[in-house]
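The next block is work30.cif, given as mmCIF, C-alpha atoms.
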```cif
data_data
#
loop_
_atom_site.group_PDB
_atom_site.id
_atom_site.type_symbol
_atom_site.label_atom_id
_atom_site.label_comp_id
_atom_site.auth_asym_id
_atom_site.auth_seq_id
_atom_site.Cartn_x
_atom_site.Cartn_y
_atom_site.Cartn_z
ATOM 1 C CA MET A 1 -9.894 6.760 -0.299
ATOM 2 C CA ALA A 2 -8.421 4.011 -2.471
ATOM 3 C CA SER A 3 -7.063 3.816 -5.984
ATOM 4 C CA THR A 4 -5.381 1.418 -8.393
ATOM 5 C CA GLY A 5 -3.053 4.162 -9.608
ATOM 6 C CA GLU A 6 0.068 5.779 -8.263
ATOM 7 C CA ILE A 7 1.244 9.350 -8.552
ATOM 8 C CA VAL A 8 4.862 10.439 -8.112
ATOM 9 C CA VAL A 9 6.262 13.810 -7.050
ATOM 10 C CA SER A 10 9.603 15.016 -5.727
ATOM 11 C CA ASN A 11 9.934 15.697 -1.999
ATOM 12 C CA ARG A 12 11.380 19.081 -2.958
ATOM 13 C CA VAL A 13 8.027 20.021 -4.457
ATOM 14 C CA LEU A 14 6.095 18.873 -1.395
ATOM 15 C CA GLN A 15 8.367 20.862 0.909
ATOM 16 C CA ASN A 16 8.108 24.083 -1.118
ATOM 17 C CA GLU A 17 5.242 26.093 0.400
ATOM 18 C CA THR A 18 5.825 28.998 -1.984
ATOM 19 C CA LEU A 19 5.354 26.768 -5.011
ATOM 20 C CA ALA A 20 2.144 25.328 -3.567
ATOM 21 C CA GLY A 21 0.682 28.812 -3.123
ATOM 22 C CA LEU A 22 1.338 30.052 -6.665
ATOM 23 C CA GLY A 23 -1.930 28.700 -8.028
ATOM 24 C CA ASN A 24 -0.735 28.823 -11.626
ATOM 25 C CA GLY A 25 -0.618 25.094 -12.304
ATOM 26 C CA VAL A 26 3.144 24.806 -11.756
ATOM 27 C CA TYR A 27 2.581 22.870 -8.548
ATOM 28 C CA ALA A 28 0.045 20.519 -10.140
ATOM 29 C CA SER A 29 2.267 19.878 -13.151
ATOM 30 C CA ALA A 30 4.994 18.521 -10.841
ATOM 31 C CA PHE A 31 2.782 15.512 -10.066
ATOM 32 C CA ARG A 32 3.046 12.668 -12.564
ATOM 33 C CA HIS A 33 0.791 9.646 -12.967
ATOM 34 C CA LEU A 34 3.102 6.654 -12.602
ATOM 35 C CA GLY A 35 0.562 4.084 -13.769
ATOM 36 C CA SER A 36 -1.964 1.532 -12.579
ATOM 37 C CA ARG A 37 -1.343 -1.641 -10.598
ATOM 38 C CA GLY A 38 -4.196 -3.366 -12.437
ATOM 39 C CA PRO A 39 -7.773 -4.425 -11.656
ATOM 40 C CA ASN A 40 -8.927 -4.970 -8.051
ATOM 41 C CA THR A 41 -5.716 -3.518 -6.593
ATOM 42 C CA GLN A 42 -7.204 -0.543 -4.736
ATOM 43 C CA SER A 43 -4.882 0.384 -1.905
ATOM 44 C CA THR A 44 -5.165 2.725 1.031
ATOM 45 C CA SER A 45 -1.745 2.867 2.645
ATOM 46 C CA HIS A 46 1.826 2.361 1.491
ATOM 47 C CA ALA A 47 5.209 1.777 3.071
ATOM 48 C CA TYR A 48 8.574 1.833 1.319
ATOM 49 C CA ASP A 49 11.458 -0.328 2.501
ATOM 50 C CA PRO A 50 14.752 1.347 1.536
ATOM 51 C CA VAL A 51 16.763 -1.844 2.123
ATOM 52 C CA THR A 52 14.850 -4.009 -0.378
ATOM 53 C CA GLY A 53 13.623 -1.151 -2.585
ATOM 54 C CA VAL A 54 10.104 -2.562 -2.297
ATOM 55 C CA LEU A 55 6.924 -0.549 -1.905
ATOM 56 C CA PHE A 56 4.303 -2.460 0.081
ATOM 57 C CA TYR A 57 0.630 -1.495 0.020
ATOM 58 C CA ALA A 58 -2.625 -2.619 1.630
ATOM 59 C CA GLU A 59 -5.060 -3.925 -0.991
ATOM 60 C CA VAL A 60 -8.467 -3.493 0.622
ATOM 61 C CA ASN A 61 -10.401 -4.975 -2.312
ATOM 62 C CA ARG A 62 -8.440 -8.249 -2.337
ATOM 63 C CA ASN A 63 -7.742 -8.594 1.414
ATOM 64 C CA SER A 64 -4.060 -8.685 0.653
ATOM 65 C CA ILE A 65 -0.713 -6.984 0.925
ATOM 66 C CA GLY A 66 0.719 -6.080 -2.449
ATOM 67 C CA CYS A 67 4.252 -5.167 -3.441
ATOM 68 C CA TRP A 68 6.270 -3.510 -6.176
ATOM 69 C CA ASN A 69 10.053 -3.553 -6.543
ATOM 70 C CA THR A 70 10.834 0.068 -7.380
ATOM 71 C CA ASN A 71 13.802 -1.021 -9.501
ATOM 72 C CA ARG A 72 11.364 -2.444 -12.066
ATOM 73 C CA PRO A 73 8.929 -0.680 -14.399
ATOM 74 C CA PHE A 74 5.568 0.229 -12.893
ATOM 75 C CA THR A 75 3.379 -2.241 -14.793
ATOM 76 C CA PRO A 76 0.708 -4.650 -13.514
ATOM 77 C CA ASP A 77 3.013 -7.597 -14.258
ATOM 78 C CA ASN A 78 5.608 -6.236 -11.819
ATOM 79 C CA HIS A 79 3.227 -6.132 -8.864
ATOM 80 C CA GLY A 80 2.950 -9.104 -6.553
ATOM 81 C CA ILE A 81 1.011 -10.333 -3.576
ATOM 82 C CA VAL A 82 2.893 -10.793 -0.328
ATOM 83 C CA HIS A 83 -0.046 -12.166 1.630
ATOM 84 C CA LEU A 84 -3.715 -12.764 0.781
ATOM 85 C CA ASP A 85 -6.220 -14.150 3.250
ATOM 86 C CA ASN A 86 -9.987 -13.754 2.912
ATOM 87 C CA GLU A 87 -10.516 -14.749 6.535
ATOM 88 C CA GLU A 88 -7.694 -13.274 8.577
ATOM 89 C CA MET A 89 -6.688 -10.293 6.413
ATOM 90 C CA ILE A 90 -10.135 -8.793 5.813
ATOM 91 C CA TYR A 91 -9.646 -5.090 5.139
ATOM 92 C CA PRO A 92 -5.953 -4.407 5.731
ATOM 93 C CA ALA A 93 -6.457 -0.881 7.030
ATOM 94 C CA ASP A 94 -2.903 0.314 7.545
ATOM 95 C CA LEU A 95 0.707 -0.761 7.216
ATOM 96 C CA LYS A 96 4.087 0.552 8.268
ATOM 97 C CA ILE A 97 7.738 -0.494 8.186
ATOM 98 C CA ASP A 98 9.633 0.044 11.427
ATOM 99 C CA SER A 99 13.287 1.007 11.874
ATOM 100 C CA GLU A 100 14.277 -2.667 12.074
ATOM 101 C CA GLY A 101 12.762 -3.477 8.664
ATOM 102 C CA ASN A 102 9.604 -5.181 9.926
ATOM 103 C CA LEU A 103 6.403 -4.773 7.943
ATOM 104 C CA TRP A 104 3.404 -4.286 10.246
ATOM 105 C CA VAL A 105 -0.207 -4.583 9.028
ATOM 106 C CA ILE A 106 -3.462 -4.126 10.894
ATOM 107 C CA SER A 107 -6.738 -5.530 9.562
ATOM 108 C CA ASN A 108 -10.130 -4.801 11.052
ATOM 109 C CA ARG A 109 -13.052 -6.399 9.160
ATOM 110 C CA LEU A 110 -14.604 -2.990 8.497
ATOM 111 C CA PRO A 111 -16.705 -4.195 5.519
ATOM 112 C CA ILE A 112 -18.390 -6.831 7.678
ATOM 113 C CA TRP A 113 -19.233 -4.206 10.295
ATOM 114 C CA ILE A 114 -20.627 -1.834 7.627
ATOM 115 C CA TYR A 115 -22.605 -4.315 5.527
ATOM 116 C CA SER A 116 -23.451 -7.063 7.987
ATOM 117 C CA ARG A 117 -22.885 -7.751 11.646
ATOM 118 C CA LEU A 118 -19.649 -8.486 13.450
ATOM 119 C CA ASN A 119 -19.519 -11.620 15.534
ATOM 120 C CA THR A 120 -18.141 -10.314 18.815
ATOM 121 C CA THR A 121 -16.758 -13.735 19.715
ATOM 122 C CA ASP A 122 -14.540 -13.746 16.595
ATOM 123 C CA VAL A 123 -11.146 -12.098 16.331
ATOM 124 C CA ASN A 124 -12.075 -8.952 14.406
ATOM 125 C CA TYR A 125 -8.753 -7.105 14.559
ATOM 126 C CA ARG A 126 -5.411 -8.601 13.643
ATOM 127 C CA ILE A 127 -1.842 -7.388 13.613
ATOM 128 C CA TRP A 128 0.502 -9.071 11.141
ATOM 129 C CA ARG A 129 4.295 -8.703 11.272
ATOM 130 C CA GLN A 130 6.941 -9.953 8.874
ATOM 131 C CA SER A 131 10.388 -8.733 7.929
ATOM 132 C CA ALA A 132 10.166 -6.758 4.695
ATOM 133 C CA PHE A 133 12.934 -8.914 3.215
ATOM 134 C CA ARG A 134 11.075 -12.142 4.000
ATOM 135 C CA ALA A 135 7.724 -10.682 2.901
ATOM 136 C CA ALA A 136 9.089 -9.948 -0.584
ATOM 137 C CA ALA A 137 10.926 -13.296 -0.866
ATOM 138 C CA GLY A 138 9.459 -15.605 -3.485
ATOM 139 C CA THR A 139 7.385 -12.853 -5.122
ATOM 140 C CA ILE A 140 7.927 -10.799 -8.268
ATOM 141 C CA CYS A 141 9.088 -8.059 -5.884
ATOM 142 C CA GLU A 142 12.160 -9.979 -4.686
#
```
Structure encoded using structure tokens:
Amino acid sequence: MASTGEIVVSNRVLQNETLAGLGNGVYASAFRHLGSRGPNTQSTSHAYDPVTGVLFYAEVNRNSIGCWNTNRPFTPDNHGIVHLDNEEMIYPADLKIDSEGNLWVISNRLPIWIYSRLNTTDVNYRIWRQSAFRAAAGTICE
């Protein structure tokens, strides 16, 4: 479900059904481990902004939105936090970037529901929106 690592593969490989069916390890060898973001950076979903060159990801373990500028080496020092909030960003479940360059994130307090009890009078689902450019501003990802 979530990992601290990233794997990279060409779109050409993903779109080649013949290659996937060979079963001789050629397909698997096309996937390369890019590296690890570092401790406590497990992420579930990613969104790439082609304008800024930044990859954004939902960090479910830290209740945050992380980022990496793809023009920099993939090392823990080159990963930043766009937004962290242990009250209003509990379990950022999904994120997307729309055609206008807005980063959208939904959080849902899933861990509280699983391990405790949700207070039905609280706001338990939130939608966060920020331009991708502004989200990366002031971080290592800028």
Ser45 in chain A environment, 10 Å, only C-alpha atoms, sequence neighbours closer than 2 positions dropped, as JSON, numbers by chain: {"A": [1, 2, 42, 43, 47, 56, 57, 58, 59, 60, 92, 93, 94, 95, 96, 105]}
Would you mind listing what lies within 10 Å of range 25-37 of chain A as a PDB file with C-alpha atoms, in the frame of the given file, with all atoms listed in the file counted and same-chain residues fewer than 5 positions away left out?
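Saved as result29.pdb:
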```pdb
ATOM      1  CA  SER A   3      -7.063   3.816  -5.984  1.00  0.00           C
ATOM      2  CA  THR A   4      -5.381   1.418  -8.393  1.00  0.00           C
ATOM      3  CA  GLY A   5      -3.053   4.162  -9.608  1.00  0.00           C
ATOM      4  CA  GLU A   6       0.068   5.779  -8.263  1.00  0.00           C
ATOM      5  CA  ILE A   7       1.244   9.350  -8.552  1.00  0.00           C
ATOM      6  CA  VAL A   8       4.862  10.439  -8.112  1.00  0.00           C
ATOM      7  CA  VAL A   9       6.262  13.810  -7.050  1.00  0.00           C
ATOM      8  CA  SER A  10       9.603  15.016  -5.727  1.00  0.00           C
ATOM      9  CA  VAL A  13       8.027  20.021  -4.457  1.00  0.00           C
ATOM     10  CA  LEU A  14       6.095  18.873  -1.395  1.00  0.00           C
ATOM     11  CA  ASN A  16       8.108  24.083  -1.118  1.00  0.00           C
ATOM     12  CA  GLU A  17       5.242  26.093   0.400  1.00  0.00           C
ATOM     13  CA  THR A  18       5.825  28.998  -1.984  1.00  0.00           C
ATOM     14  CA  LEU A  19       5.354  26.768  -5.011  1.00  0.00           C
ATOM     15  CA  ALA A  20       2.144  25.328  -3.567  1.00  0.00           C
ATOM     16  CA  GLN A  42      -7.204  -0.543  -4.736  1.00  0.00           C
ATOM     17  CA  SER A  43      -4.882   0.384  -1.905  1.00  0.00           C
ATOM     18  CA  GLY A  66       0.719  -6.080  -2.449  1.00  0.00           C
ATOM     19  CA  CYS A  67       4.252  -5.167  -3.441  1.00  0.00           C
ATOM     20  CA  TRP A  68       6.270  -3.510  -6.176  1.00  0.00           C
ATOM     21  CA  PRO A  73       8.929  -0.680 -14.399  1.00  0.00           C
ATOM     22  CA  PHE A  74       5.568   0.229 -12.893  1.00  0.00           C
ATOM     23  CA  THR A  75       3.379  -2.241 -14.793  1.00  0.00           C
ATOM     24  CA  PRO A  76       0.708  -4.650 -13.514  1.00  0.00           C
ATOM     25  CA  ASP A  77       3.013  -7.597 -14.258  1.00  0.00           C
ATOM     26  CA  ASN A  78       5.608  -6.236 -11.819  1.00  0.00           C
ATOM     27  CA  HIS A  79       3.227  -6.132  -8.864  1.00  0.00           C
ATOM     28  CA  GLY A  80       2.950  -9.104  -6.553  1.00  0.00           C
TER      29      GLY A  80
END
```
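Separating CA of Thr52 in chain A from CA of Ile90 in chain A is a distance of 26.2 Å.
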Close residues, Ser107 in chain A itself excluded, 12 Å, all atoms listed in the file, min 3 positions apart in chain, as number ranges by chain: A: 44-45, 58-60, 63-65, 84-95, 104, 110-112, 123-129
What gap, in Å, lies between CA of Asn119 in chain A and CA of Ile106 in chain A?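 Interatomic distance here is 18.3 Å.
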Contacts of Asn69 in chain A at 6 Å (only C-alpha atoms; same-chain gap of 4+ positions) as JSON, numbers by chain: {"A": [53, 54, 141]}
What box, with edges along x, y and z, holds each listed atom of range 17-24 of chain A when 8 Å is added on every side, and can you state its centre and edge lengths in Å to one decimal, as AutoDock Vina command-line options?
```
--center_x 1.9 --center_y 27.7 --center_z -5.6 --size_x 23.8 --size_y 20.7 --size_z 28.0
```
Atomic distance CA of Ala132 in chain A - CA of Ile97 in chain A, expressed in Å with one decimal: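 So the answer is 7.6 Å.
For the set A:Asn40, A:Asn11, A:Thr70, A:Arg134, the residue with the smallest atom-to-atom gap to Leu55 in chain A is A:Thr70, counting all atoms listed in the file.
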Nearest to Gln130 in chain A among A:Ser116, A:Asn102, A:Asn108, A:Asn71, with distances taken over only C-alpha atoms: which residue is it? A:Asn102
Using only C-alpha atoms, determine which residues lie at most 9 Å from Ala135 in chain A, disregarding the query and same-chain residues fewer than 4 positions distant; provide the list as a PyMOL selection string. chain A and resi 82-83+103+130-131+139+142
Complete the atoms of range 20-47 of chain A to N, CA and C atoms and put them out as an mmCIF file, in the frame of the given file.
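Output below, filename out_16.cif:
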```cif
data_model
loop_
_atom_site.group_PDB
_atom_site.id
_atom_site.type_symbol
_atom_site.label_atom_id
_atom_site.label_comp_id
_atom_site.auth_asym_id
_atom_site.auth_seq_id
_atom_site.Cartn_x
_atom_site.Cartn_y
_atom_site.Cartn_z
ATOM 1 N N ALA A 20 3.521 25.784 -3.766
ATOM 2 C CA ALA A 20 2.144 25.328 -3.567
ATOM 3 C C ALA A 20 1.157 26.487 -3.607
ATOM 4 N N GLY A 21 1.578 27.665 -3.173
ATOM 5 C CA GLY A 21 0.682 28.812 -3.123
ATOM 6 C C GLY A 21 0.583 29.608 -4.409
ATOM 7 N N LEU A 22 1.351 29.271 -5.429
ATOM 8 C CA LEU A 22 1.338 30.052 -6.665
ATOM 9 C C LEU A 22 -0.001 29.987 -7.392
ATOM 10 N N GLY A 23 -0.627 28.837 -7.395
ATOM 11 C CA GLY A 23 -1.930 28.700 -8.028
ATOM 12 C C GLY A 23 -1.924 28.815 -9.536
ATOM 13 N N ASN A 24 -0.792 28.678 -10.169
ATOM 14 C CA ASN A 24 -0.735 28.823 -11.626
ATOM 15 C C ASN A 24 -0.544 27.492 -12.355
ATOM 16 N N GLY A 25 -0.752 26.403 -11.679
ATOM 17 C CA GLY A 25 -0.618 25.094 -12.304
ATOM 18 C C GLY A 25 0.778 24.516 -12.254
ATOM 19 N N VAL A 26 1.767 25.301 -11.847
ATOM 20 C CA VAL A 26 3.144 24.806 -11.756
ATOM 21 C C VAL A 26 3.219 23.680 -10.737
ATOM 22 N N TYR A 27 2.576 23.884 -9.608
ATOM 23 C CA TYR A 27 2.581 22.870 -8.548
ATOM 24 C C TYR A 27 1.928 21.581 -9.045
ATOM 25 N N ALA A 28 0.766 21.702 -9.653
ATOM 26 C CA ALA A 28 0.045 20.519 -10.140
ATOM 27 C C ALA A 28 0.822 19.787 -11.225
ATOM 28 N N SER A 29 1.534 20.524 -12.056
ATOM 29 C CA SER A 29 2.267 19.878 -13.151
ATOM 30 C C SER A 29 3.469 19.079 -12.660
ATOM 31 N N ALA A 30 3.873 19.282 -11.405
ATOM 32 C CA ALA A 30 4.994 18.521 -10.841
ATOM 33 C C ALA A 30 4.590 17.097 -10.483
ATOM 34 N N PHE A 31 3.290 16.841 -10.387
ATOM 35 C CA PHE A 31 2.782 15.512 -10.066
ATOM 36 C C PHE A 31 2.613 14.733 -11.360
ATOM 37 N N ARG A 32 3.097 13.496 -11.356
ATOM 38 C CA ARG A 32 3.046 12.668 -12.564
ATOM 39 C C ARG A 32 2.368 11.342 -12.248
ATOM 40 N N HIS A 33 1.450 10.941 -13.131
ATOM 41 C CA HIS A 33 0.791 9.646 -12.967
ATOM 42 C C HIS A 33 1.780 8.552 -13.347
ATOM 43 N N LEU A 34 2.120 7.715 -12.386
ATOM 44 C CA LEU A 34 3.102 6.654 -12.602
ATOM 45 C C LEU A 34 2.497 5.494 -13.379
ATOM 46 N N GLY A 35 1.238 5.177 -13.090
ATOM 47 C CA GLY A 35 0.562 4.084 -13.769
ATOM 48 C C GLY A 35 -0.450 3.422 -12.865
ATOM 49 N N SER A 36 -0.969 2.289 -13.330
ATOM 50 C CA SER A 36 -1.964 1.532 -12.579
ATOM 51 C C SER A 36 -1.404 0.163 -12.215
ATOM 52 N N ARG A 37 -1.767 -0.306 -11.032
ATOM 53 C CA ARG A 37 -1.343 -1.641 -10.598
ATOM 54 C C ARG A 37 -2.168 -2.732 -11.276
ATOM 55 N N GLY A 38 -3.333 -2.391 -11.796
ATOM 56 C CA GLY A 38 -4.196 -3.366 -12.437
ATOM 57 C C GLY A 38 -5.532 -3.472 -11.719
ATOM 58 N N PRO A 39 -6.429 -4.320 -12.231
ATOM 59 C CA PRO A 39 -7.773 -4.425 -11.656
ATOM 60 C C PRO A 39 -7.767 -4.977 -10.225
ATOM 61 N N ASN A 40 -8.710 -4.503 -9.433
ATOM 62 C CA ASN A 40 -8.927 -4.970 -8.051
ATOM 63 C C ASN A 40 -7.727 -4.753 -7.132
ATOM 64 N N THR A 41 -6.910 -3.761 -7.414
ATOM 65 C CA THR A 41 -5.716 -3.518 -6.593
ATOM 66 C C THR A 41 -5.808 -2.213 -5.798
ATOM 67 N N GLN A 42 -7.033 -1.781 -5.496
ATOM 68 C CA GLN A 42 -7.204 -0.543 -4.736
ATOM 69 C C GLN A 42 -6.439 -0.640 -3.421
ATOM 70 N N SER A 43 -5.652 0.394 -3.150
ATOM 71 C CA SER A 43 -4.882 0.384 -1.905
ATOM 72 C C SER A 43 -5.094 1.684 -1.143
ATOM 73 N N THR A 44 -4.957 1.574 0.161
ATOM 74 C CA THR A 44 -5.165 2.725 1.031
ATOM 75 C C THR A 44 -3.864 3.260 1.597
ATOM 76 N N SER A 45 -2.986 2.405 2.024
ATOM 77 C CA SER A 45 -1.745 2.867 2.645
ATOM 78 C C SER A 45 -0.548 2.160 2.024
ATOM 79 N N HIS A 46 0.590 2.844 2.092
ATOM 80 C CA HIS A 46 1.826 2.361 1.491
ATOM 81 C C HIS A 46 2.965 2.491 2.486
ATOM 82 N N ALA A 47 3.974 1.655 2.297
ATOM 83 C CA ALA A 47 5.209 1.777 3.071
ATOM 84 C C ALA A 47 6.358 1.327 2.175
#
```
